[in-house]
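Asks: Take a look at protein.tsv, TSV, C-alpha atoms and all ligand atoms:
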```tsv
chain	number	residue	atom	x	y	z
K	1	ALA	CA	44.73	-29.55	155.16
K	2	LEU	CA	48.20	-30.61	156.16
K	3	VAL	CA	48.27	-33.27	153.51
K	4	GLY	CA	46.86	-30.85	150.97
K	5	GLY	CA	49.57	-28.34	151.90
K	6	LEU	CA	52.30	-30.91	151.42
K	7	GLY	CA	50.81	-31.88	148.13
K	8	ALA	CA	50.82	-28.32	146.87
K	9	GLY	CA	54.38	-27.87	148.06
K	10	ALA	CA	55.55	-30.98	146.28
K	11	LEU	CA	53.72	-29.92	143.18
K	12	GLY	CA	55.27	-26.45	143.41
K	13	GLY	CA	58.69	-28.03	143.73
K	14	TYR	CA	58.04	-30.18	140.73
K	15	PHE	CA	57.12	-27.24	138.58
K	16	PHE	CA	60.04	-25.25	139.93
K	17	GLY	CA	62.32	-28.09	138.90
K	18	LYS	CA	60.81	-28.07	135.42
K	19	LYS	CA	61.43	-24.36	135.08
K	20	GLN	CA	65.10	-24.78	135.77
K	21	GLY	CA	65.22	-27.12	132.81
K	22	GLU	CA	64.22	-24.37	130.38
K	23	SER	CA	66.74	-23.66	127.67
K	24	ALA	CA	68.43	-20.29	127.49
K	25	ALA	CA	66.29	-19.49	124.46
K	26	GLU	CA	63.06	-20.32	126.34
K	27	LYS	CA	64.06	-18.15	129.27
K	28	TYR	CA	65.07	-15.37	126.95
K	29	GLU	CA	61.74	-15.44	125.22
K	30	LYS	CA	59.83	-15.46	128.49
K	31	TYR	CA	61.69	-13.03	130.65
K	32	TRP	CA	63.66	-10.61	128.53
K	33	PRO	CA	62.98	-8.57	125.44
K	34	ARG	CA	64.47	-9.99	122.27
K	35	LYS	CA	67.57	-8.29	121.00
K	36	ILE	CA	66.42	-6.66	117.78
K	37	MET	CA	69.43	-5.23	115.99
K	38	MET	CA	69.95	-3.45	112.73
K	39	LEU	CA	73.17	-3.20	110.72
K	40	PHE	CA	73.20	0.11	108.95
K	41	GLY	CA	75.58	1.35	106.27
K	42	ALA	CA	76.18	1.92	102.56
K	43	PRO	CA	76.87	-0.98	100.17
K	44	GLY	CA	80.39	-2.18	101.03
K	45	ALA	CA	80.38	-0.66	104.52
K	46	GLY	CA	81.08	-4.06	106.13
K	47	LYS	CA	77.65	-5.33	107.23
K	48	GLY	CA	78.10	-8.75	105.66
K	49	THR	CA	81.62	-9.05	107.06
K	50	GLN	CA	80.87	-8.10	110.67
K	51	GLY	CA	77.39	-9.70	110.84
K	52	PRO	CA	78.58	-13.33	111.18
K	53	LYS	CA	80.83	-12.36	114.11
K	54	ILE	CA	77.78	-10.91	115.90
K	55	VAL	CA	75.86	-14.11	115.09
K	56	ASP	CA	78.62	-16.15	116.78
K	57	THR	CA	78.65	-13.88	119.82
K	58	LEU	CA	74.91	-13.52	120.45
K	59	ASP	CA	73.55	-16.73	118.90
K	60	ILE	CA	70.85	-14.91	117.00
K	61	PRO	CA	70.46	-15.08	113.20
K	62	GLN	CA	71.44	-12.45	110.63
K	63	LEU	CA	68.59	-11.73	108.24
K	64	SER	CA	69.84	-10.26	104.99
K	65	THR	CA	67.05	-9.20	102.62
K	66	GLY	CA	69.68	-8.99	99.84
K	67	ASP	CA	70.59	-12.69	100.36
K	68	MET	CA	66.91	-13.70	100.55
K	69	LEU	CA	66.10	-11.80	97.36
K	70	ARG	CA	69.11	-13.31	95.53
K	71	GLU	CA	67.88	-16.76	96.56
K	72	ALA	CA	64.41	-15.91	95.24
K	73	VAL	CA	65.92	-14.77	91.93
K	74	ALA	CA	68.00	-17.96	91.64
K	75	ALA	CA	64.98	-20.12	92.47
K	76	LYS	CA	62.87	-18.14	89.93
K	77	THR	CA	60.00	-17.65	92.38
K	78	GLU	CA	57.30	-15.01	91.78
K	79	VAL	CA	59.13	-12.63	94.11
K	80	GLY	CA	62.41	-13.39	92.32
K	81	LYS	CA	60.93	-12.60	88.92
K	82	LYS	CA	59.63	-9.27	90.18
K	83	ALA	CA	62.93	-8.36	91.88
K	84	GLN	CA	65.52	-9.45	89.30
K	85	ALA	CA	65.71	-6.46	86.92
K	86	VAL	CA	65.54	-3.77	89.59
K	87	MET	CA	68.27	-5.51	91.62
K	88	ALA	CA	70.57	-5.78	88.61
K	89	SER	CA	70.31	-2.03	88.01
K	90	GLY	CA	70.98	-1.20	91.67
K	91	GLY	CA	67.48	0.13	92.39
K	92	LEU	CA	65.32	-0.86	95.36
K	93	VAL	CA	62.79	-3.67	95.31
K	94	SER	CA	59.25	-2.61	96.30
K	95	ASP	CA	58.50	-2.02	99.99
K	96	GLU	CA	55.57	-4.43	99.80
K	97	ILE	CA	57.79	-7.35	98.75
K	98	VAL	CA	60.55	-6.89	101.32
K	99	ILE	CA	58.17	-6.10	104.19
K	100	GLY	CA	56.34	-9.35	103.42
K	101	ILE	CA	59.62	-11.30	103.38
K	102	ILE	CA	60.73	-9.91	106.75
K	103	ALA	CA	57.31	-10.29	108.40
K	104	ASP	CA	57.40	-14.03	107.59
K	105	ARG	CA	61.03	-14.49	108.52
K	106	ILE	CA	60.94	-12.96	112.02
K	107	LYS	CA	58.14	-15.34	113.00
K	108	GLN	CA	60.47	-18.33	112.59
K	109	PRO	CA	61.55	-20.14	115.79
K	110	ASP	CA	65.24	-19.25	115.37
K	111	CYS	CA	64.30	-15.58	115.88
K	112	GLN	CA	62.81	-16.11	119.34
K	113	SER	CA	65.84	-14.69	121.20
K	114	GLY	CA	66.34	-11.91	118.70
K	115	PHE	CA	67.68	-11.22	115.23
K	116	ILE	CA	70.03	-8.99	113.25
K	117	LEU	CA	68.57	-7.11	110.31
K	118	ASP	CA	71.02	-6.58	107.45
K	119	GLY	CA	69.88	-4.51	104.49
K	120	PHE	CA	66.42	-3.90	105.95
K	121	PRO	CA	64.82	-1.40	106.38
K	122	ARG	CA	65.98	0.57	103.32
K	123	THR	CA	63.16	3.15	103.24
K	124	LEU	CA	61.25	5.11	105.86
K	125	ALA	CA	58.09	3.16	104.90
K	126	GLN	CA	59.93	-0.11	105.65
K	127	ALA	CA	61.12	1.24	109.01
K	128	GLN	CA	57.58	2.29	109.93
K	129	ALA	CA	56.19	-1.10	108.90
K	130	LEU	CA	58.85	-2.81	111.04
K	131	ASP	CA	58.05	-0.61	114.05
K	132	ALA	CA	54.34	-1.45	113.66
K	133	MET	CA	55.06	-5.21	113.42
K	134	LEU	CA	57.16	-5.12	116.60
K	135	ALA	CA	54.78	-2.82	118.48
K	136	LYS	CA	52.07	-5.49	118.21
K	137	ASN	CA	54.09	-7.49	120.78
K	138	GLY	CA	55.16	-4.44	122.75
K	139	GLU	CA	58.61	-4.62	121.15
K	140	ALA	CA	60.90	-2.18	119.38
K	141	VAL	CA	64.30	-2.07	117.70
K	142	SER	CA	66.91	-2.17	120.49
K	143	LEU	CA	70.19	-1.38	118.72
K	144	ILE	CA	71.33	0.07	115.42
K	145	VAL	CA	75.02	-0.26	114.56
K	146	GLU	CA	75.88	2.37	111.97
K	147	PHE	CA	78.98	1.63	109.87
K	148	SER	CA	80.36	4.95	108.82
K	149	VAL	CA	82.73	4.73	105.83
K	150	ASP	CA	84.18	7.35	103.50
K	151	PRO	CA	82.25	6.89	100.20
K	152	ALA	CA	85.56	7.08	98.31
K	153	VAL	CA	86.62	3.63	99.58
K	154	LEU	CA	83.32	1.90	98.75
K	155	GLU	CA	83.97	1.43	95.03
K	156	GLU	CA	87.25	-0.40	95.65
K	157	ARG	CA	85.55	-2.60	98.28
K	158	ILE	CA	82.53	-3.44	96.10
K	159	CYS	CA	84.41	-4.01	92.85
K	160	GLY	CA	86.93	-6.31	94.57
K	161	ARG	CA	84.28	-8.36	96.42
K	162	TRP	CA	83.92	-12.11	95.80
K	163	MET	CA	81.21	-14.14	97.51
K	164	HIS	CA	80.60	-17.72	98.54
K	165	LYS	CA	76.97	-18.39	97.64
K	166	ALA	CA	76.01	-21.07	100.18
K	167	SER	CA	77.37	-19.32	103.28
K	168	GLY	CA	77.27	-15.64	102.23
K	169	ARG	CA	80.96	-15.31	103.20
K	170	SER	CA	82.65	-12.46	101.39
K	171	TYR	CA	86.26	-12.05	100.33
K	172	HIS	CA	88.18	-9.23	98.75
K	173	VAL	CA	90.97	-9.45	96.15
K	174	LYS	CA	93.09	-6.99	98.11
K	175	PHE	CA	91.86	-6.91	101.72
K	176	THR	CA	90.77	-10.51	102.40
K	177	PRO	CA	91.86	-12.75	99.50
K	178	PRO	CA	90.95	-16.44	99.67
K	179	LYS	CA	93.95	-18.71	100.27
K	180	SER	CA	93.54	-20.17	96.77
K	181	MET	CA	93.80	-16.84	94.88
K	182	LYS	CA	96.25	-16.74	91.95
K	183	VAL	CA	97.31	-13.67	90.01
K	184	GLY	CA	98.09	-14.00	86.27
K	185	ALA	CA	101.01	-12.50	84.32
K	186	ASP	CA	98.75	-9.55	83.45
K	187	GLY	CA	98.43	-8.73	87.17
K	188	LYS	CA	94.72	-9.71	87.24
K	189	VAL	CA	93.25	-12.41	89.46
K	190	VAL	CA	92.55	-15.76	87.81
K	191	PRO	CA	88.75	-16.16	88.31
K	192	GLU	CA	88.95	-19.98	88.43
K	193	SER	CA	91.38	-19.75	91.35
K	194	MET	CA	88.83	-17.97	93.58
K	195	LYS	CA	87.65	-20.64	96.03
K	196	ASP	CA	86.02	-20.54	99.48
K	197	ASP	CA	88.61	-21.19	102.25
K	198	LEU	CA	86.36	-23.59	104.17
K	199	THR	CA	84.58	-25.60	101.47
K	200	GLY	CA	86.84	-25.16	98.42
K	201	GLU	CA	83.74	-24.22	96.41
K	202	ALA	CA	83.91	-21.58	93.66
K	203	LEU	CA	83.39	-17.93	94.58
K	204	TYR	CA	81.38	-15.53	92.41
K	205	GLN	CA	81.02	-11.78	91.88
K	206	ARG	CA	77.57	-10.27	92.29
K	207	SER	CA	76.16	-8.94	89.02
K	208	ASP	CA	75.38	-5.61	90.72
K	209	ASP	CA	78.91	-5.19	92.14
K	210	THR	CA	79.95	-2.88	89.30
K	211	ALA	CA	81.00	0.78	89.47
K	212	GLU	CA	77.90	1.68	87.43
K	213	ALA	CA	75.29	-0.11	89.57
K	214	LEU	CA	77.09	1.13	92.69
K	215	LYS	CA	76.30	4.75	91.70
K	216	THR	CA	72.57	3.93	91.67
K	217	ARG	CA	72.86	1.99	94.93
K	218	LEU	CA	74.65	4.88	96.64
K	219	ASP	CA	72.01	7.34	95.42
K	220	ALA	CA	69.27	5.10	96.82
K	221	TYR	CA	71.21	4.85	100.09
K	222	LYS	CA	71.61	8.61	100.41
K	223	ASN	CA	68.08	9.58	99.39
K	224	GLN	CA	65.94	6.74	100.69
K	225	THR	CA	67.88	4.89	103.39
K	226	LEU	CA	69.78	7.54	105.36
K	227	PRO	CA	66.57	9.29	106.54
K	228	ILE	CA	65.89	6.14	108.59
K	229	LEU	CA	68.70	7.13	110.96
K	230	GLU	CA	66.94	10.40	111.73
K	231	HIS	CA	63.77	8.43	112.45
K	232	TYR	CA	65.53	6.35	115.15
K	233	LYS	CA	67.96	8.98	116.46
K	234	ASP	CA	65.78	10.33	119.25
K	235	LYS	CA	65.34	6.86	120.69
K	236	GLY	CA	69.06	6.79	121.61
K	237	ILE	CA	69.65	3.39	119.99
K	238	VAL	CA	71.92	4.41	117.10
K	239	LYS	CA	75.60	3.59	117.76
K	240	LYS	CA	78.21	4.61	115.22
K	241	VAL	CA	81.38	2.69	114.44
K	242	ASP	CA	84.27	3.72	112.20
K	243	GLY	CA	83.87	1.22	109.35
K	244	GLY	CA	86.96	2.55	107.58
K	245	LYS	CA	89.41	0.76	109.89
K	246	ASP	CA	90.83	-2.75	109.41
K	247	ILE	CA	88.27	-5.54	109.69
K	248	LYS	CA	89.56	-6.62	113.10
K	249	ASP	CA	89.59	-3.07	114.51
K	250	VAL	CA	86.03	-2.53	113.28
K	251	TRP	CA	85.06	-5.74	115.10
K	252	THR	CA	86.58	-4.46	118.36
K	253	GLU	CA	84.38	-1.37	118.07
K	254	VAL	CA	81.27	-3.39	117.17
K	255	GLN	CA	81.79	-5.73	120.15
K	256	ALA	CA	81.84	-2.76	122.52
K	257	LYS	CA	78.46	-1.59	121.15
K	258	LEU	CA	76.81	-4.97	121.76
K	259	VAL	CA	77.06	-4.63	125.52
K	260	SER	CA	73.84	-3.04	126.71
K	261	LYS	CA	74.97	-1.37	129.92
Z	1	LIG	P1	78.19	-4.89	102.91
Z	1	LIG	O1	77.61	-6.18	103.39
Z	1	LIG	O2	78.02	-3.77	103.89
Z	1	LIG	O3	77.74	-4.52	101.53
Z	1	LIG	P2	80.74	-6.36	102.95
Z	1	LIG	O4	80.88	-6.74	104.37
Z	1	LIG	O5	80.34	-7.44	102.01
Z	1	LIG	O6	79.79	-5.08	102.81
Z	1	LIG	O7	82.14	-5.75	102.48
Z	1	LIG	C1	82.36	-5.34	101.12
Z	1	LIG	C2	83.76	-5.80	100.69
Z	1	LIG	O8	84.76	-5.09	101.44
Z	1	LIG	C3	84.02	-7.28	100.91
Z	1	LIG	O9	84.81	-7.75	99.84
Z	1	LIG	C4	84.80	-7.32	102.22
Z	1	LIG	O10	85.72	-8.42	102.25
Z	1	LIG	C5	85.53	-5.99	102.24
Z	1	LIG	N1	85.62	-5.38	103.57
Z	1	LIG	C6	84.69	-5.40	104.56
Z	1	LIG	N2	85.10	-4.71	105.65
Z	1	LIG	C7	86.33	-4.22	105.33
Z	1	LIG	C8	87.30	-3.43	106.06
Z	1	LIG	N3	87.05	-2.98	107.31
Z	1	LIG	N4	88.46	-3.14	105.43
Z	1	LIG	C9	88.70	-3.59	104.16
Z	1	LIG	N5	87.84	-4.33	103.44
Z	1	LIG	C10	86.67	-4.66	104.01
Z	2	LIG	P1	74.66	-4.55	99.92
Z	2	LIG	O1	75.08	-5.69	100.81
Z	2	LIG	O2	75.66	-4.32	98.85
Z	2	LIG	O3	74.27	-3.34	100.69
Z	2	LIG	P2	72.21	-6.07	99.55
Z	2	LIG	O4	72.75	-7.43	99.35
Z	2	LIG	O5	71.68	-5.71	100.88
Z	2	LIG	O6	73.33	-5.03	99.11
Z	2	LIG	O7	71.06	-5.79	98.50
Z	2	LIG	C1	71.20	-6.08	97.13
Z	2	LIG	C2	70.00	-5.54	96.38
Z	2	LIG	O8	68.81	-6.20	96.84
Z	2	LIG	C3	69.72	-4.06	96.57
Z	2	LIG	O9	70.48	-3.26	95.68
Z	2	LIG	C4	68.21	-3.99	96.29
Z	2	LIG	O10	67.95	-4.05	94.90
Z	2	LIG	C5	67.71	-5.28	96.91
Z	2	LIG	N1	67.31	-5.11	98.33
Z	2	LIG	C6	67.87	-5.71	99.41
Z	2	LIG	N2	67.25	-5.36	100.55
Z	2	LIG	C7	66.26	-4.49	100.17
Z	2	LIG	C8	65.28	-3.74	100.89
Z	2	LIG	N3	65.18	-3.80	102.24
Z	2	LIG	N4	64.43	-2.94	100.17
Z	2	LIG	C9	64.51	-2.86	98.83
Z	2	LIG	N5	65.43	-3.53	98.10
Z	2	LIG	C10	66.30	-4.33	98.76
```
Would you write out, as structure tokens, the structure that this file holds?
Ligand code: ADP
Ligand code: ADP

Replies:
Amino acid sequence: ALVGGLGAGALGGYFFGKKQGESAAEKYEKYWPRKIMMLFGAPGAGKGTQGPKIVDTLDIPQLSTGDMLREAVAAKTEVGKKAQAVMASGGLVSDEIVIGIIADRIKQPDCQSGFILDGFPRTLAQAQALDAMLAKNGEAVSLIVEFSVDPAVLEERICGRWMHKASGRSYHVKFTPPKSMKVGADGKVVPESMKDDLTGEALYQRSDDTAEALKTRLDAYKNQTLPILEHYKDKGIVKKVDGGKDIKDVWTEVQAKLVSK
């Protein structure tokens, strides 16, 4: 019995040693709930600008359904073909399509410690589908950061936005111009001069970043997306930040909301 006891002890020690070798992600998955965050706000509110800073801080990925859909359109997949026209006009892609995209994406290994939803859910039906998906594992959304911005500033932000396709980095002709930006004699930016600061690759403007499509997008936001906040309000997880401040001041506010206690 003595020998057996020693054996068990040694074995226990061995396994204990193994456990200490678990990566932070493995421990996170095992012992803590995943951080499931949502960035909430109108087009131009600053979700795409602040998201990457949260990614750097928490080491969890940002999942933008807008980026995924744009990739599908560029790659001319079945989903892309279905989504293209409605996206160009500023309308919403069907719930069925985006719910399917997100359901697949959050099963990927890089989501095991958590993830940041950007641009999803956009309708109450999407929010309910998300809740149901998470509930299967006893999980729920843990934090919603709401970017509150005066609608009057959104048009200037959207119409001055330039994007880097590969990284999703966004610039602005007035607020965050790329280092390469040149202005012509007519006072307008020279499109060919718009290059990504890090890679030097060309920037582009989204085809739906026009004043006209923005009107449709803002209507969809007000009528279909805002009710989602009501849905989550009682759970005490919605935290509002003033998205109208300078980018760095908005970040200071966002950082404070990431701390759980
Ligand atoms: P969203 O992802 O919510 O649609 P973005 O983060 O892409 O919005 O921001 C829209 C545009 O406004 C971008 O060109 C971005 O550089 C700029 N922008 C973002 N946050 C601010 C801010 N706090 N002040 C000024 N401009 C901003
Ligand atoms: P923004 O960053 O300006 O808020 P997105 O990049 O999130 O815009 O989305 C661009 C377009 O992609 C939307 O106008 C819509 O057509 C489509 N889209 C993105 N996410 C969703 C979603 N969750 N449900 C329906 N349509 C979506």

Asks: Mind checking which residues fall within 10 Å of Ala103 in chain K, counting all atoms listed in the file, ignoring those fewer than 4 positions away in the same chain, and posting them as a CSV table (one decimal) with C-alpha atoms, in the coordinates of the input?

Replies:
```csv
chain,number,residue,atom,x,y,z
K,98,VAL,CA,60.6,-6.9,101.3
K,99,ILE,CA,58.2,-6.1,104.2
K,107,LYS,CA,58.1,-15.3,113.0
K,108,GLN,CA,60.5,-18.3,112.6
K,129,ALA,CA,56.2,-1.1,108.9
K,130,LEU,CA,58.8,-2.8,111.0
K,133,MET,CA,55.1,-5.2,113.4
K,134,LEU,CA,57.2,-5.1,116.6
```

Asks: Around ligand LIG 2 (chain Z), out to 7 Å and counting only C-alpha atoms and all ligand atoms, which residues are there? I want them as a short mmCIF file (atom, residue, chain, number, x, y, z; two decimals) with C-alpha atoms, in the coordinates of the input.

Replies:
```
data_model
loop_
_atom_site.label_atom_id
_atom_site.label_comp_id
_atom_site.auth_asym_id
_atom_site.auth_seq_id
_atom_site.Cartn_x
_atom_site.Cartn_y
_atom_site.Cartn_z
CA ALA K 42 76.18 1.92 102.56
CA PRO K 43 76.87 -0.98 100.17
CA GLY K 44 80.39 -2.18 101.03
CA LYS K 47 77.65 -5.33 107.23
CA GLY K 48 78.10 -8.75 105.66
CA SER K 64 69.84 -10.26 104.99
CA THR K 65 67.05 -9.20 102.62
CA GLY K 66 69.68 -8.99 99.84
CA ASP K 67 70.59 -12.69 100.36
CA LEU K 69 66.10 -11.80 97.36
CA VAL K 86 65.54 -3.77 89.59
CA MET K 87 68.27 -5.51 91.62
CA GLY K 90 70.98 -1.20 91.67
CA GLY K 91 67.48 0.13 92.39
CA LEU K 92 65.32 -0.86 95.36
CA VAL K 93 62.79 -3.67 95.31
CA SER K 94 59.25 -2.61 96.30
CA ASP K 95 58.50 -2.02 99.99
CA VAL K 98 60.55 -6.89 101.32
CA ASP K 118 71.02 -6.58 107.45
CA GLY K 119 69.88 -4.51 104.49
CA PHE K 120 66.42 -3.90 105.95
CA PRO K 121 64.82 -1.40 106.38
CA ARG K 122 65.98 0.57 103.32
CA THR K 123 63.16 3.15 103.24
CA ARG K 217 72.86 1.99 94.93
#
```

Asks: Give as a short mmCIF file (atom, residue, chain, number, x, y, z; two decimals) with C-alpha atoms, in the frame of the given file the residues surrounding ligand LIG 1 (chain Z) up to a distance of 10 Å, considering all atoms listed in the file.

Replies:
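File produced: part_0.cif:
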```
data_model
loop_
_atom_site.label_atom_id
_atom_site.label_comp_id
_atom_site.auth_asym_id
_atom_site.auth_seq_id
_atom_site.Cartn_x
_atom_site.Cartn_y
_atom_site.Cartn_z
CA LEU K 39 73.17 -3.20 110.72
CA PHE K 40 73.20 0.11 108.95
CA GLY K 41 75.58 1.35 106.27
CA ALA K 42 76.18 1.92 102.56
CA PRO K 43 76.87 -0.98 100.17
CA GLY K 44 80.39 -2.18 101.03
CA ALA K 45 80.38 -0.66 104.52
CA GLY K 46 81.08 -4.06 106.13
CA LYS K 47 77.65 -5.33 107.23
CA GLY K 48 78.10 -8.75 105.66
CA THR K 49 81.62 -9.05 107.06
CA GLN K 50 80.87 -8.10 110.67
CA GLY K 51 77.39 -9.70 110.84
CA PRO K 52 78.58 -13.33 111.18
CA SER K 64 69.84 -10.26 104.99
CA GLY K 66 69.68 -8.99 99.84
CA ASP K 118 71.02 -6.58 107.45
CA GLY K 119 69.88 -4.51 104.49
CA PHE K 147 78.98 1.63 109.87
CA VAL K 149 82.73 4.73 105.83
CA VAL K 153 86.62 3.63 99.58
CA LEU K 154 83.32 1.90 98.75
CA GLU K 155 83.97 1.43 95.03
CA GLU K 156 87.25 -0.40 95.65
CA ARG K 157 85.55 -2.60 98.28
CA ILE K 158 82.53 -3.44 96.10
CA CYS K 159 84.41 -4.01 92.85
CA GLY K 160 86.93 -6.31 94.57
CA ARG K 161 84.28 -8.36 96.42
CA TRP K 162 83.92 -12.11 95.80
CA MET K 163 81.21 -14.14 97.51
CA GLY K 168 77.27 -15.64 102.23
CA ARG K 169 80.96 -15.31 103.20
CA SER K 170 82.65 -12.46 101.39
CA TYR K 171 86.26 -12.05 100.33
CA HIS K 172 88.18 -9.23 98.75
CA VAL K 173 90.97 -9.45 96.15
CA LYS K 174 93.09 -6.99 98.11
CA PHE K 175 91.86 -6.91 101.72
CA THR K 176 90.77 -10.51 102.40
CA PRO K 177 91.86 -12.75 99.50
CA PRO K 178 90.95 -16.44 99.67
CA GLN K 205 81.02 -11.78 91.88
CA ASP K 209 78.91 -5.19 92.14
CA ASP K 242 84.27 3.72 112.20
CA GLY K 243 83.87 1.22 109.35
CA GLY K 244 86.96 2.55 107.58
CA LYS K 245 89.41 0.76 109.89
CA ASP K 246 90.83 -2.75 109.41
CA ILE K 247 88.27 -5.54 109.69
CA LYS K 248 89.56 -6.62 113.10
CA ASP K 249 89.59 -3.07 114.51
CA VAL K 250 86.03 -2.53 113.28
CA TRP K 251 85.06 -5.74 115.10
#
```

Asks: Under the rule that only C-alpha atoms are counted, which of K:Gly114, K:His164, K:Pro61, K:Asp234 is the nearest residue to Glu201 in chain K?

Replies: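 With only C-alpha atoms as the atom set, the closest residue is K:His164.
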
Asks: Using all atoms of range 41-48 of chain K listed in the file and a margin of 6 Å per side, can you give the axis-aligned box centre and edge lengths in Å to one decimal, as JSON?

Replies:
```
{"center_x": 78.3, "center_y": -3.4, "center_z": 103.7, "size_x": 17.5, "size_y": 22.7, "size_z": 19.1}
```

Asks: Expressed in Å to a single decimal, how great is the separation between CA of Arg105 in chain K and CA of Thr225 in chain K?

Replies: 21.2 Å

Asks: My list of candidates is K:Val55, K:Ala125, K:Cys111, K:Val238. Which is closest to Ser148 in chain K when distances are computed with only C-alpha atoms?

Replies: K:Val238

Asks: Which residues are near range 191-200 of chain K? Cut-off 7 Å, all atoms listed in the file, ignore same chain within fewer than 3 positions. Put them as a PyMOL selection string.

Replies: chain K and resi 164+178-182+203

Asks: Looking at all atoms listed in the file, which of K:Ala211, K:Ala166, K:Met38, K:Leu143 is the one that sits closest to Gln62 in chain K?

Replies: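 Checking each candidate against Gln62 in chain K, we get K:Met38 as the closest.
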
Asks: Just to confirm, what's the straight-line distance from CA of Ala202 in chain K to CA of Lys82 in chain K in Å (one decimal)?

Replies: 27.4 Å

Asks: Please measure the separation of CA of Lys76 in chain K and CA of Ala127 in chain K, giving the value in Å to one decimal.

Replies: 27.3 Å

Asks: Env of Asp131 in chain K: 8 Å cut, atoms = all atoms listed in the file, seq-sep filter 4 positions within chain, self excluded. Answer as an NGL selection string.

Replies: :K and (127 or 135 or 140-141)

Asks: Which one of K:Pro227, K:Ile60, K:Lys240, K:Lys188 sits closest to Lys35 in chain K if you count only C-alpha atoms?

Replies: K:Ile60
